[in-house]
$ cat start28.txt   # compact mmCIF, N, CA and C atoms
# COMPACT_ATOMS: atom_id res chain seq x y z
N MET A 1 60.53 195.01 143.56
CA MET A 1 60.60 193.65 144.04
C MET A 1 62.07 193.23 144.05
N ASN A 2 62.51 192.64 145.15
CA ASN A 2 63.89 192.20 145.24
C ASN A 2 64.00 190.72 144.82
N PHE A 3 65.23 190.23 144.82
CA PHE A 3 65.51 188.86 144.37
C PHE A 3 64.72 187.82 145.16
N ASP A 4 64.73 187.94 146.48
CA ASP A 4 64.03 186.95 147.32
C ASP A 4 62.52 186.97 147.06
N GLU A 5 61.95 188.14 146.92
CA GLU A 5 60.52 188.24 146.63
C GLU A 5 60.20 187.64 145.26
N PHE A 6 61.03 187.95 144.28
CA PHE A 6 60.81 187.45 142.93
C PHE A 6 60.89 185.92 142.90
N THR A 7 61.97 185.37 143.45
CA THR A 7 62.10 183.92 143.43
C THR A 7 61.02 183.25 144.27
N GLY A 8 60.63 183.89 145.35
CA GLY A 8 59.55 183.36 146.17
C GLY A 8 58.23 183.31 145.41
N GLN A 9 57.95 184.36 144.65
CA GLN A 9 56.75 184.38 143.82
C GLN A 9 56.78 183.27 142.77
N VAL A 10 57.92 183.10 142.12
CA VAL A 10 58.05 182.04 141.11
C VAL A 10 57.89 180.68 141.78
N GLN A 11 58.54 180.47 142.91
CA GLN A 11 58.43 179.19 143.60
C GLN A 11 56.98 178.91 143.98
N HIS A 12 56.28 179.90 144.47
CA HIS A 12 54.88 179.74 144.86
C HIS A 12 53.99 179.44 143.65
N ARG A 13 54.14 180.24 142.61
CA ARG A 13 53.28 180.10 141.43
C ARG A 13 53.52 178.77 140.71
N LEU A 14 54.75 178.31 140.71
CA LEU A 14 55.07 177.05 140.04
C LEU A 14 54.94 175.85 140.98
N GLU A 15 54.65 176.13 142.24
CA GLU A 15 54.49 175.08 143.26
C GLU A 15 55.72 174.18 143.31
N LEU A 16 56.88 174.83 143.36
CA LEU A 16 58.15 174.11 143.43
C LEU A 16 58.54 173.89 144.88
N GLN A 17 59.24 172.80 145.14
CA GLN A 17 59.58 172.44 146.51
C GLN A 17 60.68 173.29 147.12
N ASP A 18 61.55 173.85 146.28
CA ASP A 18 62.64 174.62 146.84
C ASP A 18 63.01 175.80 145.95
N THR A 19 63.73 176.73 146.56
CA THR A 19 64.15 177.94 145.87
C THR A 19 65.09 177.64 144.71
N GLY A 20 65.93 176.63 144.87
CA GLY A 20 66.88 176.27 143.82
C GLY A 20 66.19 175.95 142.50
N ARG A 21 65.10 175.22 142.56
CA ARG A 21 64.35 174.90 141.33
C ARG A 21 63.74 176.16 140.74
N ALA A 22 63.27 177.07 141.59
CA ALA A 22 62.71 178.33 141.10
C ALA A 22 63.78 179.13 140.38
N VAL A 23 64.96 179.20 140.97
CA VAL A 23 66.07 179.94 140.36
C VAL A 23 66.45 179.31 139.02
N ARG A 24 66.48 177.98 138.95
CA ARG A 24 66.79 177.31 137.67
C ARG A 24 65.75 177.64 136.61
N ALA A 25 64.48 177.70 136.98
CA ALA A 25 63.43 178.03 136.02
C ALA A 25 63.58 179.47 135.53
N ILE A 26 63.88 180.37 136.45
CA ILE A 26 64.08 181.78 136.09
C ILE A 26 65.29 181.90 135.16
N ARG A 27 66.41 181.29 135.58
CA ARG A 27 67.63 181.36 134.78
C ARG A 27 67.41 180.79 133.38
N ALA A 28 66.76 179.64 133.29
CA ALA A 28 66.53 178.99 132.00
C ALA A 28 65.68 179.87 131.10
N THR A 29 64.62 180.42 131.63
CA THR A 29 63.72 181.25 130.83
C THR A 29 64.41 182.52 130.36
N LEU A 30 65.06 183.23 131.28
CA LEU A 30 65.64 184.53 130.93
C LEU A 30 66.91 184.40 130.10
N MET A 31 67.73 183.39 130.35
CA MET A 31 68.92 183.20 129.51
C MET A 31 68.49 182.89 128.07
N THR A 32 67.51 182.02 127.92
CA THR A 32 67.09 181.63 126.58
C THR A 32 66.42 182.80 125.88
N LEU A 33 65.63 183.56 126.61
CA LEU A 33 65.02 184.75 126.03
C LEU A 33 66.09 185.76 125.64
N GLY A 34 67.10 185.91 126.49
CA GLY A 34 68.22 186.81 126.19
C GLY A 34 69.01 186.38 124.96
N GLU A 35 69.08 185.07 124.72
CA GLU A 35 69.74 184.57 123.51
C GLU A 35 68.94 184.92 122.26
N ARG A 36 67.64 185.02 122.40
CA ARG A 36 66.77 185.22 121.23
C ARG A 36 66.67 186.68 120.80
N ILE A 37 66.67 187.61 121.75
CA ILE A 37 66.47 189.02 121.39
C ILE A 37 67.81 189.76 121.35
N PRO A 38 67.85 190.90 120.65
CA PRO A 38 69.09 191.67 120.58
C PRO A 38 69.54 192.15 121.96
N GLU A 39 70.83 192.34 122.11
CA GLU A 39 71.42 192.70 123.40
C GLU A 39 70.81 193.96 124.01
N GLY A 40 70.64 194.99 123.21
CA GLY A 40 70.06 196.24 123.72
C GLY A 40 68.64 196.05 124.23
N ASN A 41 67.87 195.25 123.52
CA ASN A 41 66.51 194.96 123.95
C ASN A 41 66.50 194.16 125.25
N ALA A 42 67.43 193.22 125.37
CA ALA A 42 67.53 192.43 126.60
C ALA A 42 67.88 193.33 127.78
N GLU A 43 68.79 194.27 127.57
CA GLU A 43 69.17 195.19 128.64
C GLU A 43 68.00 196.09 129.04
N ASP A 44 67.27 196.61 128.05
CA ASP A 44 66.10 197.46 128.35
C ASP A 44 65.06 196.67 129.13
N PHE A 45 64.77 195.46 128.66
CA PHE A 45 63.73 194.65 129.29
C PHE A 45 64.11 194.28 130.71
N ALA A 46 65.35 193.95 130.93
CA ALA A 46 65.80 193.48 132.24
C ALA A 46 66.12 194.60 133.23
N ALA A 47 66.13 195.83 132.77
CA ALA A 47 66.56 196.96 133.61
C ALA A 47 65.76 197.09 134.91
N ASN A 48 64.50 196.72 134.92
CA ASN A 48 63.66 196.87 136.11
C ASN A 48 63.59 195.60 136.96
N LEU A 49 64.36 194.61 136.61
CA LEU A 49 64.37 193.36 137.37
C LEU A 49 65.47 193.42 138.44
N PRO A 50 65.35 192.62 139.50
CA PRO A 50 66.45 192.56 140.47
C PRO A 50 67.76 192.23 139.76
N ILE A 51 68.85 192.83 140.22
CA ILE A 51 70.12 192.70 139.52
C ILE A 51 70.55 191.25 139.33
N GLU A 52 70.27 190.40 140.30
CA GLU A 52 70.66 188.99 140.19
C GLU A 52 69.90 188.30 139.06
N ILE A 53 68.70 188.76 138.80
CA ILE A 53 67.87 188.19 137.74
C ILE A 53 68.18 188.84 136.41
N LYS A 54 68.43 190.13 136.44
CA LYS A 54 68.80 190.86 135.21
C LYS A 54 70.00 190.21 134.55
N TRP A 55 70.94 189.76 135.35
CA TRP A 55 72.18 189.16 134.83
C TRP A 55 71.91 187.96 133.94
N TYR A 56 70.86 187.18 134.25
CA TYR A 56 70.56 186.00 133.44
C TYR A 56 70.25 186.38 132.00
N MET A 57 69.65 187.52 131.81
CA MET A 57 69.27 187.95 130.46
C MET A 57 70.38 188.71 129.74
N THR A 58 71.32 189.20 130.50
CA THR A 58 72.34 190.05 129.90
C THR A 58 73.72 189.42 130.03
N GLY A 59 74.30 189.41 131.22
CA GLY A 59 75.66 188.94 131.43
C GLY A 59 75.88 187.46 131.21
N ALA A 60 74.84 186.65 131.41
CA ALA A 60 74.99 185.20 131.27
C ALA A 60 74.84 184.72 129.83
N VAL A 61 74.50 185.62 128.94
CA VAL A 61 74.23 185.25 127.55
C VAL A 61 75.48 185.48 126.70
N ALA A 62 75.93 184.44 126.03
CA ALA A 62 77.12 184.54 125.19
C ALA A 62 76.81 185.20 123.85
N GLU A 63 75.63 184.92 123.28
CA GLU A 63 75.29 185.45 121.96
C GLU A 63 73.81 185.85 121.92
N HIS A 64 73.57 187.13 121.81
CA HIS A 64 72.21 187.66 121.70
C HIS A 64 71.76 187.62 120.24
N GLY A 65 70.46 187.76 120.02
CA GLY A 65 69.90 187.92 118.68
C GLY A 65 69.89 186.66 117.83
N GLN A 66 69.94 185.49 118.46
CA GLN A 66 69.87 184.25 117.69
C GLN A 66 68.46 184.07 117.15
N ARG A 67 68.35 183.40 116.02
CA ARG A 67 67.04 183.13 115.42
C ARG A 67 66.63 181.70 115.74
N PHE A 68 65.60 181.55 116.55
CA PHE A 68 65.01 180.24 116.79
C PHE A 68 63.54 180.44 117.14
N ASP A 69 62.77 179.38 116.96
CA ASP A 69 61.33 179.48 117.15
C ASP A 69 60.92 179.06 118.57
N TRP A 70 59.60 179.10 118.80
CA TRP A 70 59.03 178.78 120.10
C TRP A 70 59.43 177.37 120.56
N ARG A 71 59.36 176.41 119.65
CA ARG A 71 59.70 175.03 120.03
C ARG A 71 61.15 174.91 120.50
N GLU A 72 62.04 175.58 119.79
CA GLU A 72 63.45 175.56 120.20
C GLU A 72 63.63 176.28 121.54
N PHE A 73 62.89 177.36 121.73
CA PHE A 73 62.93 178.07 123.02
C PHE A 73 62.56 177.12 124.16
N VAL A 74 61.44 176.42 124.00
CA VAL A 74 60.97 175.49 125.04
C VAL A 74 62.00 174.38 125.27
N SER A 75 62.58 173.88 124.21
CA SER A 75 63.58 172.83 124.32
C SER A 75 64.79 173.32 125.11
N ARG A 76 65.26 174.53 124.80
CA ARG A 76 66.42 175.08 125.50
C ARG A 76 66.10 175.34 126.97
N VAL A 77 64.91 175.87 127.24
CA VAL A 77 64.53 176.12 128.63
C VAL A 77 64.53 174.81 129.41
N GLY A 78 63.91 173.78 128.86
CA GLY A 78 63.87 172.48 129.53
C GLY A 78 65.26 171.90 129.76
N GLU A 79 66.12 172.06 128.77
CA GLU A 79 67.49 171.54 128.89
C GLU A 79 68.25 172.26 130.00
N ILE A 80 68.12 173.56 130.07
CA ILE A 80 68.81 174.33 131.11
C ILE A 80 68.23 174.01 132.49
N GLU A 81 66.91 173.90 132.57
CA GLU A 81 66.31 173.56 133.86
C GLU A 81 66.75 172.18 134.34
N GLY A 82 66.84 171.24 133.42
CA GLY A 82 67.28 169.90 133.77
C GLY A 82 66.28 169.16 134.65
N GLU A 83 66.77 168.19 135.38
CA GLU A 83 65.97 167.40 136.32
C GLU A 83 64.66 166.91 135.75
N GLY A 84 64.67 166.44 134.52
CA GLY A 84 63.49 165.82 133.94
C GLY A 84 62.37 166.78 133.59
N VAL A 85 62.66 168.05 133.38
CA VAL A 85 61.64 169.02 133.00
C VAL A 85 61.31 168.79 131.53
N ASP A 86 60.06 168.40 131.25
CA ASP A 86 59.67 168.15 129.86
C ASP A 86 59.22 169.45 129.19
N GLY A 87 58.88 169.36 127.92
CA GLY A 87 58.51 170.54 127.15
C GLY A 87 57.31 171.27 127.70
N ALA A 88 56.26 170.54 128.09
CA ALA A 88 55.05 171.18 128.61
C ALA A 88 55.36 171.94 129.90
N GLU A 89 56.17 171.33 130.75
CA GLU A 89 56.52 171.97 132.02
C GLU A 89 57.40 173.20 131.78
N ALA A 90 58.36 173.09 130.87
CA ALA A 90 59.23 174.22 130.55
C ALA A 90 58.42 175.37 129.98
N ALA A 91 57.47 175.07 129.10
CA ALA A 91 56.62 176.11 128.52
C ALA A 91 55.78 176.79 129.60
N PHE A 92 55.21 176.00 130.51
CA PHE A 92 54.42 176.56 131.61
C PHE A 92 55.28 177.45 132.50
N HIS A 93 56.47 176.99 132.84
CA HIS A 93 57.37 177.79 133.67
C HIS A 93 57.67 179.13 133.00
N ALA A 94 57.98 179.10 131.71
CA ALA A 94 58.28 180.33 130.98
C ALA A 94 57.09 181.28 130.98
N ARG A 95 55.90 180.75 130.75
CA ARG A 95 54.69 181.60 130.74
C ARG A 95 54.45 182.26 132.09
N VAL A 96 54.62 181.50 133.17
CA VAL A 96 54.41 182.05 134.51
C VAL A 96 55.45 183.13 134.81
N ILE A 97 56.69 182.90 134.46
CA ILE A 97 57.75 183.87 134.71
C ILE A 97 57.52 185.14 133.90
N ILE A 98 57.15 185.01 132.64
CA ILE A 98 56.86 186.18 131.81
C ILE A 98 55.66 186.95 132.35
N ASP A 99 54.65 186.24 132.84
CA ASP A 99 53.49 186.90 133.42
C ASP A 99 53.90 187.71 134.66
N LEU A 100 54.75 187.17 135.50
CA LEU A 100 55.23 187.89 136.68
C LEU A 100 56.02 189.12 136.25
N ILE A 101 56.91 188.95 135.29
CA ILE A 101 57.74 190.06 134.83
C ILE A 101 56.91 191.15 134.18
N GLU A 102 55.84 190.78 133.52
CA GLU A 102 54.99 191.76 132.84
C GLU A 102 54.52 192.84 133.82
N GLY A 103 54.33 192.48 135.08
CA GLY A 103 53.92 193.46 136.08
C GLY A 103 55.06 194.30 136.64
N LEU A 104 56.29 193.98 136.28
CA LEU A 104 57.45 194.67 136.82
C LEU A 104 58.11 195.63 135.84
N VAL A 105 57.91 195.41 134.56
CA VAL A 105 58.58 196.26 133.55
C VAL A 105 57.58 197.25 132.98
N PRO A 106 58.06 198.38 132.50
CA PRO A 106 57.16 199.35 131.87
C PRO A 106 56.45 198.72 130.67
N PRO A 107 55.20 199.11 130.43
CA PRO A 107 54.46 198.56 129.28
C PRO A 107 55.20 198.72 127.95
N SER A 108 55.93 199.82 127.78
CA SER A 108 56.66 200.02 126.52
C SER A 108 57.76 198.98 126.35
N ASP A 109 58.45 198.62 127.43
CA ASP A 109 59.50 197.60 127.36
C ASP A 109 58.90 196.22 127.09
N PHE A 110 57.74 195.95 127.71
CA PHE A 110 57.09 194.66 127.47
C PHE A 110 56.62 194.57 126.02
N GLN A 111 56.09 195.67 125.50
CA GLN A 111 55.66 195.67 124.10
C GLN A 111 56.85 195.52 123.17
N GLN A 112 57.96 196.13 123.53
CA GLN A 112 59.18 195.98 122.73
C GLN A 112 59.61 194.51 122.67
N LEU A 113 59.49 193.82 123.79
CA LEU A 113 59.80 192.39 123.80
C LEU A 113 58.87 191.66 122.83
N ARG A 114 57.58 191.92 122.93
CA ARG A 114 56.62 191.25 122.04
C ARG A 114 56.92 191.54 120.58
N ASP A 115 57.32 192.76 120.30
CA ASP A 115 57.62 193.15 118.92
C ASP A 115 58.82 192.38 118.37
N GLN A 116 59.71 191.91 119.24
CA GLN A 116 60.89 191.14 118.82
C GLN A 116 60.56 189.68 118.50
N LEU A 117 59.38 189.23 118.92
CA LEU A 117 59.04 187.81 118.82
C LEU A 117 57.77 187.64 117.99
N PRO A 118 57.87 187.17 116.75
CA PRO A 118 56.69 187.02 115.88
C PRO A 118 55.63 186.11 116.52
N GLU A 119 54.38 186.55 116.45
CA GLU A 119 53.31 185.82 117.12
C GLU A 119 52.32 185.15 116.18
N GLY A 120 52.51 185.27 114.88
CA GLY A 120 51.57 184.66 113.95
C GLY A 120 51.78 183.17 113.80
N ARG A 121 50.73 182.48 113.41
CA ARG A 121 50.83 181.03 113.22
C ARG A 121 51.86 180.67 112.15
N GLU A 122 51.95 181.48 111.13
CA GLU A 122 52.88 181.19 110.04
C GLU A 122 54.32 181.53 110.42
N ASP A 123 54.46 182.40 111.42
CA ASP A 123 55.80 182.78 111.85
C ASP A 123 56.30 181.77 112.89
N GLU A 124 56.92 182.26 113.89
CA GLU A 124 57.53 181.39 114.88
C GLU A 124 56.60 181.09 116.05
N ASN A 125 55.41 181.65 116.04
CA ASN A 125 54.36 181.39 117.03
C ASN A 125 54.78 181.70 118.47
N TRP A 126 55.44 182.80 118.68
CA TRP A 126 55.84 183.22 120.01
C TRP A 126 54.66 183.67 120.86
N GLY A 127 53.48 183.80 120.26
CA GLY A 127 52.30 184.17 121.03
C GLY A 127 52.05 183.21 122.18
N LYS A 128 52.52 181.98 122.07
CA LYS A 128 52.35 181.00 123.14
C LYS A 128 53.05 181.43 124.43
N LEU A 129 54.14 182.19 124.30
CA LEU A 129 54.84 182.67 125.49
C LEU A 129 53.98 183.63 126.29
N PHE A 130 53.08 184.32 125.61
CA PHE A 130 52.28 185.37 126.26
C PHE A 130 50.86 184.93 126.58
N GLU A 131 50.57 183.64 126.48
CA GLU A 131 49.21 183.15 126.70
C GLU A 131 48.67 183.50 128.09
N MET A 132 49.49 183.40 129.10
CA MET A 132 49.03 183.71 130.45
C MET A 132 48.77 185.21 130.60
N VAL A 133 49.66 186.03 130.08
CA VAL A 133 49.48 187.48 130.12
C VAL A 133 48.19 187.85 129.39
N ASP A 134 48.03 187.31 128.19
CA ASP A 134 46.86 187.63 127.37
C ASP A 134 45.56 187.08 127.95
N GLY A 135 45.67 186.04 128.77
CA GLY A 135 44.49 185.43 129.39
C GLY A 135 44.09 186.09 130.69
N GLY A 136 44.71 187.19 131.04
CA GLY A 136 44.34 187.91 132.25
C GLY A 136 45.30 187.71 133.41
N GLY A 137 46.36 186.93 133.20
CA GLY A 137 47.37 186.77 134.22
C GLY A 137 47.12 185.61 135.15
N TRP A 138 48.11 185.34 135.98
CA TRP A 138 48.10 184.22 136.91
C TRP A 138 47.14 184.50 138.05
N THR A 139 46.43 183.49 138.49
CA THR A 139 45.59 183.60 139.68
C THR A 139 45.87 182.40 140.57
N GLU A 140 45.58 182.55 141.84
CA GLU A 140 45.75 181.45 142.79
C GLU A 140 44.88 180.28 142.36
N PRO A 141 45.38 179.06 142.44
CA PRO A 141 44.53 177.91 142.16
C PRO A 141 43.28 177.96 143.05
N GLY A 142 42.15 177.73 142.45
CA GLY A 142 40.88 177.79 143.18
C GLY A 142 40.21 179.14 143.13
N ASP A 143 40.97 180.20 142.79
CA ASP A 143 40.34 181.51 142.64
C ASP A 143 39.57 181.55 141.34
N SER A 144 38.45 182.18 141.37
CA SER A 144 37.70 182.36 140.11
C SER A 144 37.79 183.82 139.70
N GLN A 145 37.91 184.02 138.43
CA GLN A 145 37.94 185.39 137.92
C GLN A 145 36.52 185.80 137.60
N VAL A 146 36.09 186.91 138.19
CA VAL A 146 34.72 187.37 137.98
C VAL A 146 34.69 188.38 136.88
$ encode --input "start28.txt" --output "structure tokens"
Amino acid sequence: MNFDEFTGQVQHRLELQDTGRAVRAIRATLMTLGERIPEGNAEDFAANLPIEIKWYMTGAVAEHGQRFDWREFVSRVGEIEGEGVDGAEAAFHARVIIDLIEGLVPPSDFQQLRDQLPEGREDENWGKLFEMVDGGGWTEPGDSQV
């Protein structure tokens, strides 16, 4: 998948009016995720993404491996997206983008990402990032899963 296809998919799935908003959502999600995980893991995870998108997780990140929880992640994503994106919207955007990426990266790299992010209730509760993936993935509005 190339950059235009990827951003088009994000724009469609998030029902955004323009490509610029889709790019901001992608950048916000991947930069913040890149800040959270170690640099080598970010490079492995992003290796199969279009180069313009890979950069958000690798080259655009000043400091990898920061420790912050799911709530801080959502806050940072919303802040980077700007334009009045609230926490619920930022969380939804991140889930949709991660669900799309899950189909592009090798399962071992996706599992490595999950292993970097504690998913227990007592931990940082990163399981919320993977709710769409764990729920069977994104479907077109109005489609029913049989």
$ atom_distance --input "start28.txt" --atom1 "atom CA of Gly65 of chain A" --atom2 "atom CA of Val85 of chain A"
25.1 Å
$ residues_around --input "start28.txt" --residues "segment 66-82 of chain A" --least-positions-apart "3" --cutoff "6 Å" --atoms "only C-alpha atoms" --output "list in words"
Arg24, Ala25, Ala28, Thr29, Glu35, Arg36, Val85, Gly87, Ala90, Ala91, Glu124 and Trp126 of chain A
$ write_last_selection --input "start28.txt" --atoms "N, CA and C atoms" --output "PDB file, in the coordinates of the input"
ATOM      1  N   ARG A  24      66.480 177.980 138.950  1.00  0.00           N
ATOM      2  CA  ARG A  24      66.790 177.310 137.670  1.00  0.00           C
ATOM      3  C   ARG A  24      65.750 177.640 136.610  1.00  0.00           C
ATOM      4  N   ALA A  25      64.480 177.700 136.980  1.00  0.00           N
ATOM      5  CA  ALA A  25      63.430 178.030 136.020  1.00  0.00           C
ATOM      6  C   ALA A  25      63.580 179.470 135.530  1.00  0.00           C
ATOM      7  N   ALA A  28      66.760 179.640 133.290  1.00  0.00           N
ATOM      8  CA  ALA A  28      66.530 178.990 132.000  1.00  0.00           C
ATOM      9  C   ALA A  28      65.680 179.870 131.100  1.00  0.00           C
ATOM     10  N   THR A  29      64.620 180.420 131.630  1.00  0.00           N
ATOM     11  CA  THR A  29      63.720 181.250 130.830  1.00  0.00           C
ATOM     12  C   THR A  29      64.410 182.520 130.360  1.00  0.00           C
ATOM     13  N   GLU A  35      69.080 185.070 124.720  1.00  0.00           N
ATOM     14  CA  GLU A  35      69.740 184.570 123.510  1.00  0.00           C
ATOM     15  C   GLU A  35      68.940 184.920 122.260  1.00  0.00           C
ATOM     16  N   ARG A  36      67.640 185.020 122.400  1.00  0.00           N
ATOM     17  CA  ARG A  36      66.770 185.220 121.230  1.00  0.00           C
ATOM     18  C   ARG A  36      66.670 186.680 120.800  1.00  0.00           C
ATOM     19  N   VAL A  85      62.660 168.050 133.380  1.00  0.00           N
ATOM     20  CA  VAL A  85      61.640 169.020 133.000  1.00  0.00           C
ATOM     21  C   VAL A  85      61.310 168.790 131.530  1.00  0.00           C
ATOM     22  N   GLY A  87      58.880 169.360 127.920  1.00  0.00           N
ATOM     23  CA  GLY A  87      58.510 170.540 127.150  1.00  0.00           C
ATOM     24  C   GLY A  87      57.310 171.270 127.700  1.00  0.00           C
ATOM     25  N   ALA A  90      58.360 173.090 130.870  1.00  0.00           N
ATOM     26  CA  ALA A  90      59.230 174.220 130.550  1.00  0.00           C
ATOM     27  C   ALA A  90      58.420 175.370 129.980  1.00  0.00           C
ATOM     28  N   ALA A  91      57.470 175.070 129.100  1.00  0.00           N
ATOM     29  CA  ALA A  91      56.620 176.110 128.520  1.00  0.00           C
ATOM     30  C   ALA A  91      55.780 176.790 129.600  1.00  0.00           C
ATOM     31  N   GLU A 124      56.920 182.260 113.890  1.00  0.00           N
ATOM     32  CA  GLU A 124      57.530 181.390 114.880  1.00  0.00           C
ATOM     33  C   GLU A 124      56.600 181.090 116.050  1.00  0.00           C
ATOM     34  N   TRP A 126      55.440 182.800 118.680  1.00  0.00           N
ATOM     35  CA  TRP A 126      55.840 183.220 120.010  1.00  0.00           C
ATOM     36  C   TRP A 126      54.660 183.670 120.860  1.00  0.00           C
TER      37      TRP A 126
END
$ atom_distance --input "start28.txt" --atom1 "atom N of Trp55 of chain A" --atom2 "atom C of Arg13 of chain A"
21.3 Å
$ atom_distance --input "start28.txt" --atom1 "atom CA of Gln111 of chain A" --atom2 "atom N of His64 of chain A"
20.0 Å
$ select_by_dssp --input "start28.txt" --residues "segment 75-138 of chain A" --states "alpha helix (DSSP H)" --output "PyMOL selection string"
chain A and resi 75-81+87-102+107-116+131-134
$ closest_residue --input "start28.txt" --among "A:Val10, A:Ile26, A:Ile98, A:Leu104" --to "Val133 of chain A" --atoms "all atoms listed in the file"
A:Ile98
$ axis_aligned_box --input "start28.txt" --around "segment 8-25 of chain A" --padding-each-side "4 Å" --output "lines of an AutoDock Vina configuration file"
center_x = 60.1
center_y = 178.4
center_z = 141.3
size_x = 21.6
size_y = 19.9
size_z = 19.6
$ closest_residue --input "start28.txt" --among "A:Thr58, A:Thr19, A:Asn48, A:Thr139" --to "Pro106 of chain A" --atoms "only N, CA and C atoms"
A:Asn48
$ closest_residue --input "start28.txt" --among "A:Leu30, A:Leu129, A:Leu49, A:Ala60" --to "Phe3 of chain A" --atoms "all atoms listed in the file"
A:Leu49
$ closest_residue --input "start28.txt" --among "A:Gly34, A:Asn2, A:Gly103, A:Gly40" --to "Glu52 of chain A" --atoms "only N, CA and C atoms"
A:Asn2
$ closest_residue --input "start28.txt" --among "A:Ile37, A:Leu14, A:Glu102, A:Gly84" --to "Pro118 of chain A" --atoms "only C-alpha atoms"
A:Ile37
$ decode --input "start28.txt" --residues "segment 14-28 of chain A" --atoms "N, CA and C atoms" --output "PDB file, in the first residue's frame"
ATOM      1  N   LEU A  14     -12.348   7.163   8.757  1.00  0.00           N
ATOM      2  CA  LEU A  14     -12.636   8.169   9.781  1.00  0.00           C
ATOM      3  C   LEU A  14     -13.677   9.181   9.313  1.00  0.00           C
ATOM      4  N   GLU A  15     -14.091   9.052   8.060  1.00  0.00           N
ATOM      5  CA  GLU A  15     -15.087   9.956   7.470  1.00  0.00           C
ATOM      6  C   GLU A  15     -14.657  11.416   7.609  1.00  0.00           C
ATOM      7  N   LEU A  16     -13.403  11.665   7.247  1.00  0.00           N
ATOM      8  CA  LEU A  16     -12.853  13.017   7.313  1.00  0.00           C
ATOM      9  C   LEU A  16     -13.077  13.731   5.990  1.00  0.00           C
ATOM     10  N   GLN A  17     -13.223  15.034   6.050  1.00  0.00           N
ATOM     11  CA  GLN A  17     -13.545  15.809   4.859  1.00  0.00           C
ATOM     12  C   GLN A  17     -12.370  15.981   3.907  1.00  0.00           C
ATOM     13  N   ASP A  18     -11.148  15.934   4.432  1.00  0.00           N
ATOM     14  CA  ASP A  18     -10.013  16.157   3.549  1.00  0.00           C
ATOM     15  C   ASP A  18      -8.810  15.311   3.965  1.00  0.00           C
ATOM     16  N   THR A  19      -7.893  15.192   3.018  1.00  0.00           N
ATOM     17  CA  THR A  19      -6.690  14.397   3.226  1.00  0.00           C
ATOM     18  C   THR A  19      -5.811  14.977   4.326  1.00  0.00           C
ATOM     19  N   GLY A  20      -5.788  16.295   4.445  1.00  0.00           N
ATOM     20  CA  GLY A  20      -4.962  16.933   5.469  1.00  0.00           C
ATOM     21  C   GLY A  20      -5.321  16.467   6.872  1.00  0.00           C
ATOM     22  N   ARG A  21      -6.600  16.347   7.155  1.00  0.00           N
ATOM     23  CA  ARG A  21      -7.021  15.859   8.480  1.00  0.00           C
ATOM     24  C   ARG A  21      -6.615  14.409   8.673  1.00  0.00           C
ATOM     25  N   ALA A  22      -6.697  13.612   7.607  1.00  0.00           N
ATOM     26  CA  ALA A  22      -6.278  12.206   7.700  1.00  0.00           C
ATOM     27  C   ALA A  22      -4.788  12.126   8.010  1.00  0.00           C
ATOM     28  N   VAL A  23      -4.001  12.935   7.329  1.00  0.00           N
ATOM     29  CA  VAL A  23      -2.552  12.943   7.564  1.00  0.00           C
ATOM     30  C   VAL A  23      -2.250  13.374   8.996  1.00  0.00           C
ATOM     31  N   ARG A  24      -2.963  14.375   9.506  1.00  0.00           N
ATOM     32  CA  ARG A  24      -2.752  14.810  10.897  1.00  0.00           C
ATOM     33  C   ARG A  24      -3.081  13.684  11.877  1.00  0.00           C
ATOM     34  N   ALA A  25      -4.133  12.932  11.622  1.00  0.00           N
ATOM     35  CA  ALA A  25      -4.496  11.815  12.505  1.00  0.00           C
ATOM     36  C   ALA A  25      -3.422  10.731  12.465  1.00  0.00           C
ATOM     37  N   ILE A  26      -2.934  10.435  11.277  1.00  0.00           N
ATOM     38  CA  ILE A  26      -1.870   9.425  11.127  1.00  0.00           C
ATOM     39  C   ILE A  26      -0.615   9.895  11.849  1.00  0.00           C
ATOM     40  N   ARG A  27      -0.211  11.142  11.567  1.00  0.00           N
ATOM     41  CA  ARG A  27       0.998  11.691  12.193  1.00  0.00           C
ATOM     42  C   ARG A  27       0.880  11.683  13.711  1.00  0.00           C
ATOM     43  N   ALA A  28      -0.255  12.127  14.235  1.00  0.00           N
ATOM     44  CA  ALA A  28      -0.441  12.199  15.680  1.00  0.00           C
ATOM     45  C   ALA A  28      -0.353  10.821  16.312  1.00  0.00           C
TER      46      ALA A  28
END
